[in-house]
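*Asks:* Once you've had a glance at the structure underneath, I'll fire off some questions.
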Amino acid sequence: MGLCYALASSLLGLLCTTWGTPGWLLMGGVFVASDLTMPYVIQWAGRSRELADNAD
């Protein structure tokens, strides 16, 4: 998890500081894409949890 935090802050700094406006737009696109996929991830997690609960 520590590596994730280190890479995320480095990537954010690289994109938003070095690239300027295109970097901010790219980061915005990443956030929009993650928001759009979240309902599917939640549904998958619910289905996999039900399967795990039934296995007990």
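As shown in the structure tokens, the chain order sets the letters A, B, ...; within each chain, residues go from 1, and ligands are also counted from 1 in the order they appear.
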Excluding region 3-16 of chain A and any residue of its chain fewer than 6 positions from it, enumerate the residues within 9 Å of it, using only C-alpha atoms, and give them as a list of chain:residue names.

*Replies:*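 Answer for this query is A:Pro22, A:Gly23, A:Trp24, A:Leu25, A:Leu26, A:Met27.
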
*Asks:* Give me every alpha helix (DSSP H) residue in chain A, going by DSSP on the backbone, as a ChimeraX atom specification.

*Replies:* /A:2-13,21-55

*Asks:* For the residues in the current selection, export C-alpha atoms as a PDB file, in the first residue's frame.

*Replies:*
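Final file, selection_0.pdb:
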```
ATOM      1  CA  GLY A   2       2.927   2.332   0.685  1.00  0.00           C
ATOM      2  CA  LEU A   3       4.136   1.927  -2.890  1.00  0.00           C
ATOM      3  CA  CYS A   4       0.674   2.849  -4.130  1.00  0.00           C
ATOM      4  CA  TYR A   5       0.716   6.083  -2.124  1.00  0.00           C
ATOM      5  CA  ALA A   6       4.202   6.960  -3.370  1.00  0.00           C
ATOM      6  CA  LEU A   7       3.336   6.310  -7.008  1.00  0.00           C
ATOM      7  CA  ALA A   8       0.017   8.121  -6.823  1.00  0.00           C
ATOM      8  CA  SER A   9       1.528  11.322  -5.461  1.00  0.00           C
ATOM      9  CA  SER A  10       4.381  11.183  -7.980  1.00  0.00           C
ATOM     10  CA  LEU A  11       1.970  10.628 -10.861  1.00  0.00           C
ATOM     11  CA  LEU A  12      -0.304  13.416  -9.703  1.00  0.00           C
ATOM     12  CA  GLY A  13       2.629  15.788  -9.420  1.00  0.00           C
ATOM     13  CA  THR A  21      -3.848  21.701 -18.548  1.00  0.00           C
ATOM     14  CA  PRO A  22      -3.577  18.389 -20.462  1.00  0.00           C
ATOM     15  CA  GLY A  23      -2.450  16.697 -17.247  1.00  0.00           C
ATOM     16  CA  TRP A  24      -5.438  18.060 -15.351  1.00  0.00           C
ATOM     17  CA  LEU A  25      -7.764  16.897 -18.123  1.00  0.00           C
ATOM     18  CA  LEU A  26      -6.189  13.447 -18.082  1.00  0.00           C
ATOM     19  CA  MET A  27      -6.619  13.194 -14.316  1.00  0.00           C
ATOM     20  CA  GLY A  28     -10.238  14.317 -14.689  1.00  0.00           C
ATOM     21  CA  GLY A  29     -10.751  11.582 -17.280  1.00  0.00           C
ATOM     22  CA  VAL A  30      -9.308   8.995 -14.905  1.00  0.00           C
ATOM     23  CA  PHE A  31     -11.708  10.097 -12.166  1.00  0.00           C
ATOM     24  CA  VAL A  32     -14.703  10.056 -14.539  1.00  0.00           C
ATOM     25  CA  ALA A  33     -13.778   6.581 -15.788  1.00  0.00           C
ATOM     26  CA  SER A  34     -13.476   5.253 -12.251  1.00  0.00           C
ATOM     27  CA  ASP A  35     -16.827   6.817 -11.321  1.00  0.00           C
ATOM     28  CA  LEU A  36     -18.532   5.225 -14.323  1.00  0.00           C
ATOM     29  CA  THR A  37     -17.195   1.753 -13.505  1.00  0.00           C
ATOM     30  CA  MET A  38     -18.021   1.903  -9.792  1.00  0.00           C
ATOM     31  CA  PRO A  39     -21.631   0.567 -10.069  1.00  0.00           C
ATOM     32  CA  TYR A  40     -20.354  -2.511 -11.904  1.00  0.00           C
ATOM     33  CA  VAL A  41     -17.623  -3.084  -9.342  1.00  0.00           C
ATOM     34  CA  ILE A  42     -20.171  -2.825  -6.526  1.00  0.00           C
ATOM     35  CA  GLN A  43     -22.496  -5.301  -8.250  1.00  0.00           C
ATOM     36  CA  TRP A  44     -19.606  -7.730  -8.771  1.00  0.00           C
ATOM     37  CA  ALA A  45     -18.581  -7.402  -5.122  1.00  0.00           C
ATOM     38  CA  GLY A  46     -22.146  -8.102  -3.996  1.00  0.00           C
ATOM     39  CA  ARG A  47     -22.409 -11.200  -6.176  1.00  0.00           C
ATOM     40  CA  SER A  48     -19.039 -12.554  -5.077  1.00  0.00           C
ATOM     41  CA  ARG A  49     -19.910 -11.899  -1.409  1.00  0.00           C
ATOM     42  CA  GLU A  50     -23.159 -13.843  -1.783  1.00  0.00           C
ATOM     43  CA  LEU A  51     -21.258 -16.768  -3.261  1.00  0.00           C
ATOM     44  CA  ALA A  52     -18.755 -16.708  -0.414  1.00  0.00           C
ATOM     45  CA  ASP A  53     -21.518 -16.510   2.204  1.00  0.00           C
ATOM     46  CA  ASN A  54     -23.372 -19.459   0.669  1.00  0.00           C
ATOM     47  CA  ALA A  55     -20.230 -21.592   0.700  1.00  0.00           C
TER      48      ALA A  55
END
```
